[in-house]
file query-v7.txt (compact mmCIF, C-alpha atoms and all ligand atoms)
# COMPACT_ATOMS: atom_id res chain seq x y z
CA MET A 1 233.20 3.63 32.99
CA ILE A 2 232.06 1.33 35.74
CA ARG A 3 234.66 -0.03 38.15
CA ASP A 4 234.64 -3.33 40.03
CA LEU A 5 232.42 -5.11 37.52
CA ALA A 6 232.18 -8.83 38.27
CA MET A 7 230.94 -11.46 35.84
CA ARG A 8 229.82 -15.02 36.42
CA ARG A 9 227.61 -17.64 34.78
CA ALA A 10 223.96 -17.27 35.73
CA THR A 11 222.13 -20.13 37.45
CA LEU A 12 218.46 -20.95 38.04
CA GLU A 13 218.66 -18.93 41.24
CA ASP A 14 219.21 -15.81 39.12
CA VAL A 15 216.08 -16.24 37.01
CA ALA A 16 214.13 -13.42 38.69
CA VAL A 17 217.07 -11.02 38.21
CA LEU A 18 217.35 -11.90 34.52
CA ALA A 19 213.62 -11.44 33.91
CA GLU A 20 213.57 -8.13 35.78
CA ILE A 21 216.53 -6.66 33.87
CA HIS A 22 214.98 -7.86 30.60
CA LEU A 23 211.62 -6.23 31.38
CA GLN A 24 213.11 -2.95 32.64
CA ALA A 25 215.62 -2.54 29.83
CA ARG A 26 213.04 -3.26 27.13
CA ALA A 27 210.46 -0.90 28.66
CA SER A 28 213.00 1.92 28.99
CA ALA A 29 214.73 1.50 25.62
CA MET A 30 211.69 0.52 23.56
CA PRO A 31 208.53 2.11 25.01
CA TRP A 32 206.99 1.86 21.52
CA LEU A 33 207.32 -1.95 21.41
CA THR A 34 204.15 -4.05 21.71
CA VAL A 35 204.27 -6.04 24.94
CA VAL A 36 203.24 -9.60 24.10
CA HIS A 37 204.15 -11.48 27.31
CA THR A 38 203.26 -11.01 30.97
CA PRO A 39 206.10 -10.72 33.53
CA ASP A 40 205.33 -14.27 34.66
CA GLU A 41 205.60 -15.60 31.11
CA VAL A 42 208.97 -13.86 30.76
CA LEU A 43 210.14 -15.51 34.00
CA GLN A 44 209.08 -18.94 32.77
CA TYR A 45 210.78 -18.34 29.43
CA PHE A 46 214.10 -17.55 31.13
CA LYS A 47 213.72 -20.54 33.43
CA GLU A 48 212.65 -23.16 30.91
CA GLN A 49 214.36 -22.01 27.72
CA VAL A 50 217.11 -19.44 28.15
CA LEU A 51 218.85 -20.93 31.19
CA ALA A 52 218.35 -24.44 29.85
CA GLU A 53 219.72 -23.80 26.35
CA SER A 54 222.11 -20.85 26.50
CA ASP A 55 225.40 -19.72 27.94
CA VAL A 56 224.18 -16.95 30.24
CA TRP A 57 226.55 -14.44 31.88
CA LEU A 58 225.50 -12.06 34.62
CA ALA A 59 227.37 -8.84 35.38
CA ALA A 60 227.24 -7.07 38.72
CA GLY A 61 228.65 -3.77 39.90
CA LEU A 62 228.86 -2.28 43.36
CA GLY A 63 225.31 -0.99 42.87
CA GLY A 64 223.86 -4.44 42.17
CA PHE A 65 223.10 -6.61 39.15
CA ALA A 66 223.94 -4.64 36.03
CA GLY A 67 223.18 -6.79 32.98
CA PHE A 68 223.38 -10.15 31.26
CA SER A 69 224.03 -11.87 27.96
CA ALA A 70 222.62 -15.15 26.61
CA ARG A 71 224.31 -16.92 23.70
CA ARG A 72 223.53 -20.16 21.87
CA ASP A 73 226.57 -21.07 19.77
CA THR A 74 227.07 -17.99 17.55
CA GLU A 75 223.59 -16.58 18.16
CA LEU A 76 223.48 -13.76 20.71
CA ASP A 77 219.85 -14.01 21.79
CA HIS A 78 219.96 -11.49 24.62
CA LEU A 79 222.11 -8.61 25.77
CA TYR A 80 220.42 -6.42 28.34
CA VAL A 81 221.83 -3.82 30.72
CA ALA A 82 219.74 -2.44 33.59
CA PRO A 83 218.90 1.24 32.85
CA PRO A 84 220.83 2.71 35.84
CA PHE A 85 223.99 1.12 34.39
CA TRP A 86 223.62 2.24 30.77
CA ARG A 87 226.62 3.76 28.98
CA LEU A 88 229.10 2.69 31.64
CA GLY A 89 230.72 -0.12 29.65
CA VAL A 90 228.66 -3.04 30.99
CA GLY A 91 227.23 -3.99 27.58
CA THR A 92 230.69 -3.75 26.04
CA ALA A 93 232.15 -6.05 28.72
CA LEU A 94 229.44 -8.67 28.16
CA LEU A 95 229.75 -8.43 24.38
CA GLN A 96 233.54 -8.69 24.45
CA MET A 97 233.31 -11.86 26.53
CA ALA A 98 231.10 -13.42 23.85
CA MET A 99 233.45 -12.17 21.11
CA LEU A 100 236.35 -13.93 22.82
CA THR A 101 234.40 -17.19 22.99
CA VAL A 102 233.15 -17.76 19.44
CA PRO A 103 234.61 -16.76 16.05
CA ARG A 104 231.50 -14.92 14.86
CA LEU A 105 228.27 -13.60 16.33
CA GLU A 106 224.82 -12.96 14.93
CA LEU A 107 221.75 -11.33 16.41
CA TRP A 108 218.42 -9.67 15.70
CA THR A 109 217.49 -6.24 16.93
CA PHE A 110 214.57 -3.95 16.17
CA GLN A 111 215.15 -1.32 13.51
CA ARG A 112 213.80 1.42 15.75
CA ASN A 113 216.20 0.52 18.59
CA ALA A 114 218.70 3.22 17.60
CA GLY A 115 220.79 2.91 20.79
CA ALA A 116 221.39 -0.81 20.35
CA ARG A 117 222.12 -0.37 16.64
CA GLN A 118 224.74 2.28 17.37
CA PHE A 119 226.20 0.03 20.09
CA TYR A 120 226.55 -3.00 17.76
CA GLU A 121 227.86 -0.96 14.83
CA ARG A 122 230.48 0.60 17.11
CA HIS A 123 231.61 -2.94 17.92
CA GLY A 124 232.07 -3.94 14.28
CA PHE A 125 228.69 -5.55 13.52
CA THR A 126 227.29 -5.17 10.02
CA ALA A 127 223.58 -4.89 9.29
CA THR A 128 222.46 -7.53 6.83
CA PRO A 129 218.83 -8.35 6.00
CA PHE A 130 216.15 -5.95 7.15
CA THR A 131 212.69 -7.50 7.62
CA ASP A 132 209.18 -6.13 7.96
CA GLY A 133 208.80 -7.89 11.32
CA ALA A 134 206.20 -10.41 10.13
CA ALA A 135 208.30 -13.26 11.58
CA ASN A 136 208.72 -11.88 15.10
CA GLU A 137 206.17 -11.93 17.90
CA GLU A 138 205.90 -8.16 18.16
CA ASN A 139 205.42 -7.65 14.39
CA GLU A 140 208.10 -4.96 14.62
CA PRO A 141 210.56 -4.44 11.73
CA ASP A 142 213.94 -5.86 12.67
CA VAL A 143 217.47 -6.18 11.34
CA ARG A 144 220.04 -8.95 11.44
CA TYR A 145 223.53 -7.98 12.61
CA ILE A 146 226.66 -10.07 12.00
CA TRP A 147 230.15 -9.78 13.42
CA GLU A 148 232.64 -11.86 11.46
CA GLY A 149 235.39 -11.77 14.06
CA PRO A 150 239.11 -11.20 13.68
CA ASP A 151 240.96 -13.06 10.91
CA ASP A 152 243.25 -14.82 13.38
CA HIS A 153 240.35 -16.28 15.39
CA ALA A 154 239.13 -18.86 12.88
C1 LIG B 201 222.27 -1.60 24.03
C2 LIG B 201 222.86 -1.84 25.42
C3 LIG B 201 223.07 -3.34 25.64
C4 LIG B 201 224.22 -1.11 25.51
O1 LIG B 201 224.80 -1.41 26.77
P1 LIG B 201 225.60 -0.27 27.56
O2 LIG B 201 226.22 -0.90 28.75
O3 LIG B 201 224.68 0.88 27.81
O4 LIG B 201 226.70 0.16 26.48
P2 LIG B 201 228.24 0.55 26.73
O5 LIG B 201 228.33 1.51 27.87
O6 LIG B 201 229.08 -0.66 26.80
O7 LIG B 201 228.57 1.28 25.34
C5 LIG B 201 228.07 2.57 25.15
C6 LIG B 201 228.15 2.91 23.66
O8 LIG B 201 227.15 2.18 22.93
C7 LIG B 201 226.42 3.11 22.11
N1 LIG B 201 225.12 3.35 22.77
C8 LIG B 201 224.60 2.67 23.82
N2 LIG B 201 223.38 3.14 24.12
C9 LIG B 201 223.13 4.13 23.26
C10 LIG B 201 222.03 5.02 23.06
N3 LIG B 201 220.92 4.96 23.82
N4 LIG B 201 222.10 5.92 22.08
C11 LIG B 201 223.17 6.01 21.30
N5 LIG B 201 224.28 5.20 21.43
C12 LIG B 201 224.24 4.28 22.40
C13 LIG B 201 227.25 4.37 22.06
O9 LIG B 201 228.25 4.18 21.07
C14 LIG B 201 227.87 4.37 23.45
O10 LIG B 201 229.07 5.11 23.54
P3 LIG B 201 229.02 6.58 24.22
O11 LIG B 201 228.30 6.44 25.52
O12 LIG B 201 230.48 6.93 24.35
O13 LIG B 201 228.26 7.43 23.22
C15 LIG B 201 221.95 -1.24 26.53
O14 LIG B 201 221.71 0.12 26.24
C16 LIG B 201 220.63 -1.95 26.69
O15 LIG B 201 220.52 -2.89 27.47
N6 LIG B 201 219.60 -1.45 25.97
C17 LIG B 201 218.25 -1.99 26.12
C18 LIG B 201 218.14 -3.44 25.66
C19 LIG B 201 218.59 -3.62 24.26
O16 LIG B 201 218.26 -2.84 23.38
N7 LIG B 201 219.37 -4.68 24.06
C20 LIG B 201 219.80 -5.09 22.76
C21 LIG B 201 218.69 -5.85 22.13
S1 LIG B 201 219.30 -6.85 20.84
call {"tool": "encode", "arguments": {"input": "query-v7.txt", "output": "structure tokens"}}
result
Amino acid sequence: MIRDLAMRRATLEDVAVLAEIHLQARASAMPWLTVVHTPDEVLQYFKEQVLAESDVWLAAGLGGFAGFSARRDTELDHLYVAPPFWRLGVGTALLQMAMLTVPRLELWTFQRNAGARQFYERHGFTATPFTDGAANEENEPDVRYIWEGPDDHA
């Protein structure tokens, strides 16, 4: 487990860090995924959409920026941990913060992303519809995960 993890809300000044973690984590975890956006397009997306519309939390360890989450209401749009920090509890810390904030969470992940699926299932998420990927940009089959939250949280 990582020690001395600090978390704070991300600001516009963090946009390059968010885009870099997003690009690195996706490339490492999903080398089979079609890349549909340039690094600059990803940067603009985080600047103009994610930071403008979402509650974004950035985690840092002693070794640098470790990961981030982006949530709109109950939709967890992004949860990415930088590869050097994988399996040290950073994703769990970011997810637990979101779980303490809203009564339920929903998200999409790709069916082939076995690591993420095991991570979410370990945290009590249930797989609901599976799609053929026709509705996402990458045309990659995906799956909707839902966490209903504890009974006493409603
Ligand atoms: C999925 C992700 C967020 C998990 O974050 P993390 O900080 O590595 O996870 P944690 O250390 O908190 O939890 C680790 C547990 O999650 C599961 N897990 C995480 N990565 C896994 C992998 N590659 N294979 C199998 N299980 C995995 C395991 O249960 C693991 O426990 P273990 O190490 O005792 O076996 C991170 O691997 C990541 O950023 N992946 C790439 C981006 C991504 O897929 N994001 C989700 C898209 S919706």
call {"tool": "residues_near_ligand", "arguments": {"input": "query-v7.txt", "ligand": "ligand LIG 201 (chain B)", "cutoff": "10 Å", "atoms": "all atoms listed in the file", "output": "ChimeraX atom specification"}}
result
/A:1-2,21-30,66-69,76-96,107-110,112-123,142-145
call {"tool": "atom_distance", "arguments": {"input": "query-v7.txt", "atom1": "atom CA of Leu5 of chain A", "atom2": "atom CA of Leu100 of chain A"}}
result
17.6 Å
call {"tool": "closest_residue", "arguments": {"input": "query-v7.txt", "among": "A:Asp132, A:Glu13, A:Asp4, A:Glu148", "to": "Gly61 of chain A", "atoms": "all atoms listed in the file"}}
result
A:Asp4
call {"tool": "residues_around", "arguments": {"input": "query-v7.txt", "residues": "segment 42-54 of chain A", "least_positions_apart": "4", "cutoff": "7 Å", "atoms": "only C-alpha atoms", "output": "ChimeraX atom specification"}}
result
/A:12,15-16,19,37-38,70-72
call {"tool": "atom_distance", "arguments": {"input": "query-v7.txt", "atom1": "atom CA of Trp147 of chain A", "atom2": "atom CA of Thr128 of chain A"}}
result
10.4 Å
call {"tool": "atom_distance", "arguments": {"input": "query-v7.txt", "atom1": "atom CA of Ile146 of chain A", "atom2": "atom CA of Gly124 of chain A"}}
result
8.5 Å
call {"tool": "closest_residue", "arguments": {"input": "query-v7.txt", "among": "A:Val102, A:Val36, A:Ala59, A:Met97", "to": "Glu140 of chain A", "atoms": "all atoms listed in the file"}}
result
A:Val36
call {"tool": "closest_residue", "arguments": {"input": "query-v7.txt", "among": "A:Phe125, A:Ala98, A:Leu105, A:Met7", "to": "Ala60 of chain A", "atoms": "all atoms listed in the file"}}
result
A:Met7
call {"tool": "closest_residue", "arguments": {"input": "query-v7.txt", "among": "A:Pro39, A:Pro150, A:Pro103, A:Pro141", "to": "Glu75 of chain A", "atoms": "only C-alpha atoms"}}
result
A:Pro103
call {"tool": "axis_aligned_box", "arguments": {"input": "query-v7.txt", "around": "segment 70-85 of chain A", "padding_each_side": "3 Å", "output": "JSON"}}
result
{"center_x": 223.0, "center_y": -9.2, "center_z": 26.7, "size_x": 14.2, "size_y": 29.8, "size_z": 24.3}
call {"tool": "build_atoms", "arguments": {"input": "query-v7.txt", "residues": "segment 93-125 of chain A", "atoms": "N, CA and C atoms", "output": "PDB file, in the coordinates of the input"}}
result
ATOM      1  N   ALA A  93     231.457  -4.956  28.021  1.00  0.00           N
ATOM      2  CA  ALA A  93     232.150  -6.050  28.720  1.00  0.00           C
ATOM      3  C   ALA A  93     231.478  -7.394  28.420  1.00  0.00           C
ATOM      4  N   LEU A  94     230.158  -7.427  28.445  1.00  0.00           N
ATOM      5  CA  LEU A  94     229.440  -8.670  28.160  1.00  0.00           C
ATOM      6  C   LEU A  94     229.628  -9.091  26.704  1.00  0.00           C
ATOM      7  N   LEU A  95     229.577  -8.116  25.805  1.00  0.00           N
ATOM      8  CA  LEU A  95     229.750  -8.430  24.380  1.00  0.00           C
ATOM      9  C   LEU A  95     231.166  -8.933  24.101  1.00  0.00           C
ATOM     10  N   GLN A  96     232.152  -8.275  24.707  1.00  0.00           N
ATOM     11  CA  GLN A  96     233.540  -8.690  24.450  1.00  0.00           C
ATOM     12  C   GLN A  96     233.792 -10.107  24.959  1.00  0.00           C
ATOM     13  N   MET A  97     233.150 -10.485  26.048  1.00  0.00           N
ATOM     14  CA  MET A  97     233.310 -11.860  26.530  1.00  0.00           C
ATOM     15  C   MET A  97     232.789 -12.852  25.481  1.00  0.00           C
ATOM     16  N   ALA A  98     231.641 -12.546  24.899  1.00  0.00           N
ATOM     17  CA  ALA A  98     231.100 -13.420  23.850  1.00  0.00           C
ATOM     18  C   ALA A  98     232.017 -13.431  22.626  1.00  0.00           C
ATOM     19  N   MET A  99     232.566 -12.271  22.286  1.00  0.00           N
ATOM     20  CA  MET A  99     233.450 -12.170  21.110  1.00  0.00           C
ATOM     21  C   MET A  99     234.740 -12.976  21.303  1.00  0.00           C
ATOM     22  N   LEU A 100     235.145 -13.146  22.542  1.00  0.00           N
ATOM     23  CA  LEU A 100     236.350 -13.930  22.820  1.00  0.00           C
ATOM     24  C   LEU A 100     236.065 -15.428  22.816  1.00  0.00           C
ATOM     25  N   THR A 101     234.784 -15.791  22.819  1.00  0.00           N
ATOM     26  CA  THR A 101     234.400 -17.190  22.990  1.00  0.00           C
ATOM     27  C   THR A 101     234.101 -17.883  21.665  1.00  0.00           C
ATOM     28  N   VAL A 102     233.513 -17.164  20.731  1.00  0.00           N
ATOM     29  CA  VAL A 102     233.150 -17.760  19.440  1.00  0.00           C
ATOM     30  C   VAL A 102     233.713 -16.900  18.302  1.00  0.00           C
ATOM     31  N   PRO A 103     233.959 -17.499  17.136  1.00  0.00           N
ATOM     32  CA  PRO A 103     234.610 -16.760  16.050  1.00  0.00           C
ATOM     33  C   PRO A 103     233.721 -15.759  15.340  1.00  0.00           C
ATOM     34  N   ARG A 104     232.409 -15.896  15.468  1.00  0.00           N
ATOM     35  CA  ARG A 104     231.500 -14.920  14.860  1.00  0.00           C
ATOM     36  C   ARG A 104     230.229 -14.850  15.698  1.00  0.00           C
ATOM     37  N   LEU A 105     229.516 -13.765  15.570  1.00  0.00           N
ATOM     38  CA  LEU A 105     228.270 -13.600  16.330  1.00  0.00           C
ATOM     39  C   LEU A 105     227.192 -13.042  15.409  1.00  0.00           C
ATOM     40  N   GLU A 106     225.962 -13.466  15.683  1.00  0.00           N
ATOM     41  CA  GLU A 106     224.820 -12.960  14.930  1.00  0.00           C
ATOM     42  C   GLU A 106     223.693 -12.625  15.905  1.00  0.00           C
ATOM     43  N   LEU A 107     222.866 -11.698  15.532  1.00  0.00           N
ATOM     44  CA  LEU A 107     221.750 -11.330  16.410  1.00  0.00           C
ATOM     45  C   LEU A 107     220.690 -10.568  15.618  1.00  0.00           C
ATOM     46  N   TRP A 108     219.507 -10.502  16.223  1.00  0.00           N
ATOM     47  CA  TRP A 108     218.420  -9.670  15.700  1.00  0.00           C
ATOM     48  C   TRP A 108     218.225  -8.497  16.643  1.00  0.00           C
ATOM     49  N   THR A 109     217.947  -7.343  16.093  1.00  0.00           N
ATOM     50  CA  THR A 109     217.490  -6.240  16.930  1.00  0.00           C
ATOM     51  C   THR A 109     216.410  -5.486  16.149  1.00  0.00           C
ATOM     52  N   PHE A 110     215.624  -4.685  16.857  1.00  0.00           N
ATOM     53  CA  PHE A 110     214.570  -3.950  16.170  1.00  0.00           C
ATOM     54  C   PHE A 110     215.153  -2.723  15.474  1.00  0.00           C
ATOM     55  N   GLN A 111     214.608  -2.435  14.296  1.00  0.00           N
ATOM     56  CA  GLN A 111     215.150  -1.320  13.510  1.00  0.00           C
ATOM     57  C   GLN A 111     215.059   0.000  14.254  1.00  0.00           C
ATOM     58  N   ARG A 112     214.002   0.147  15.056  1.00  0.00           N
ATOM     59  CA  ARG A 112     213.800   1.420  15.750  1.00  0.00           C
ATOM     60  C   ARG A 112     214.669   1.559  17.001  1.00  0.00           C
ATOM     61  N   ASN A 113     215.380   0.482  17.373  1.00  0.00           N
ATOM     62  CA  ASN A 113     216.200   0.520  18.590  1.00  0.00           C
ATOM     63  C   ASN A 113     217.554   1.166  18.245  1.00  0.00           C
ATOM     64  N   ALA A 114     217.527   2.490  18.101  1.00  0.00           N
ATOM     65  CA  ALA A 114     218.700   3.220  17.600  1.00  0.00           C
ATOM     66  C   ALA A 114     219.917   3.065  18.534  1.00  0.00           C
ATOM     67  N   GLY A 115     219.674   3.032  19.858  1.00  0.00           N
ATOM     68  CA  GLY A 115     220.790   2.910  20.790  1.00  0.00           C
ATOM     69  C   GLY A 115     221.527   1.595  20.622  1.00  0.00           C
ATOM     70  N   ALA A 116     220.765   0.506  20.529  1.00  0.00           N
ATOM     71  CA  ALA A 116     221.390  -0.810  20.350  1.00  0.00           C
ATOM     72  C   ALA A 116     222.099  -0.881  18.998  1.00  0.00           C
ATOM     73  N   ARG A 117     221.495  -0.317  17.975  1.00  0.00           N
ATOM     74  CA  ARG A 117     222.120  -0.370  16.640  1.00  0.00           C
ATOM     75  C   ARG A 117     223.450   0.377  16.643  1.00  0.00           C
ATOM     76  N   GLN A 118     223.470   1.538  17.302  1.00  0.00           N
ATOM     77  CA  GLN A 118     224.740   2.280  17.370  1.00  0.00           C
ATOM     78  C   GLN A 118     225.771   1.479  18.172  1.00  0.00           C
ATOM     79  N   PHE A 119     225.316   0.840  19.252  1.00  0.00           N
ATOM     80  CA  PHE A 119     226.200   0.030  20.090  1.00  0.00           C
ATOM     81  C   PHE A 119     226.832  -1.101  19.258  1.00  0.00           C
ATOM     82  N   TYR A 120     226.011  -1.866  18.526  1.00  0.00           N
ATOM     83  CA  TYR A 120     226.550  -3.000  17.760  1.00  0.00           C
ATOM     84  C   TYR A 120     227.436  -2.523  16.610  1.00  0.00           C
ATOM     85  N   GLU A 121     227.044  -1.448  15.956  1.00  0.00           N
ATOM     86  CA  GLU A 121     227.860  -0.960  14.830  1.00  0.00           C
ATOM     87  C   GLU A 121     229.206  -0.453  15.337  1.00  0.00           C
ATOM     88  N   ARG A 122     229.211   0.151  16.514  1.00  0.00           N
ATOM     89  CA  ARG A 122     230.480   0.600  17.110  1.00  0.00           C
ATOM     90  C   ARG A 122     231.410  -0.585  17.379  1.00  0.00           C
ATOM     91  N   HIS A 123     230.804  -1.755  17.628  1.00  0.00           N
ATOM     92  CA  HIS A 123     231.610  -2.940  17.920  1.00  0.00           C
ATOM     93  C   HIS A 123     231.858  -3.811  16.684  1.00  0.00           C
ATOM     94  N   GLY A 124     231.660  -3.250  15.504  1.00  0.00           N
ATOM     95  CA  GLY A 124     232.070  -3.940  14.280  1.00  0.00           C
ATOM     96  C   GLY A 124     231.011  -4.827  13.650  1.00  0.00           C
ATOM     97  N   PHE A 125     229.773  -4.762  14.136  1.00  0.00           N
ATOM     98  CA  PHE A 125     228.690  -5.550  13.520  1.00  0.00           C
ATOM     99  C   PHE A 125     228.208  -4.860  12.247  1.00  0.00           C
TER     100      PHE A 125
END
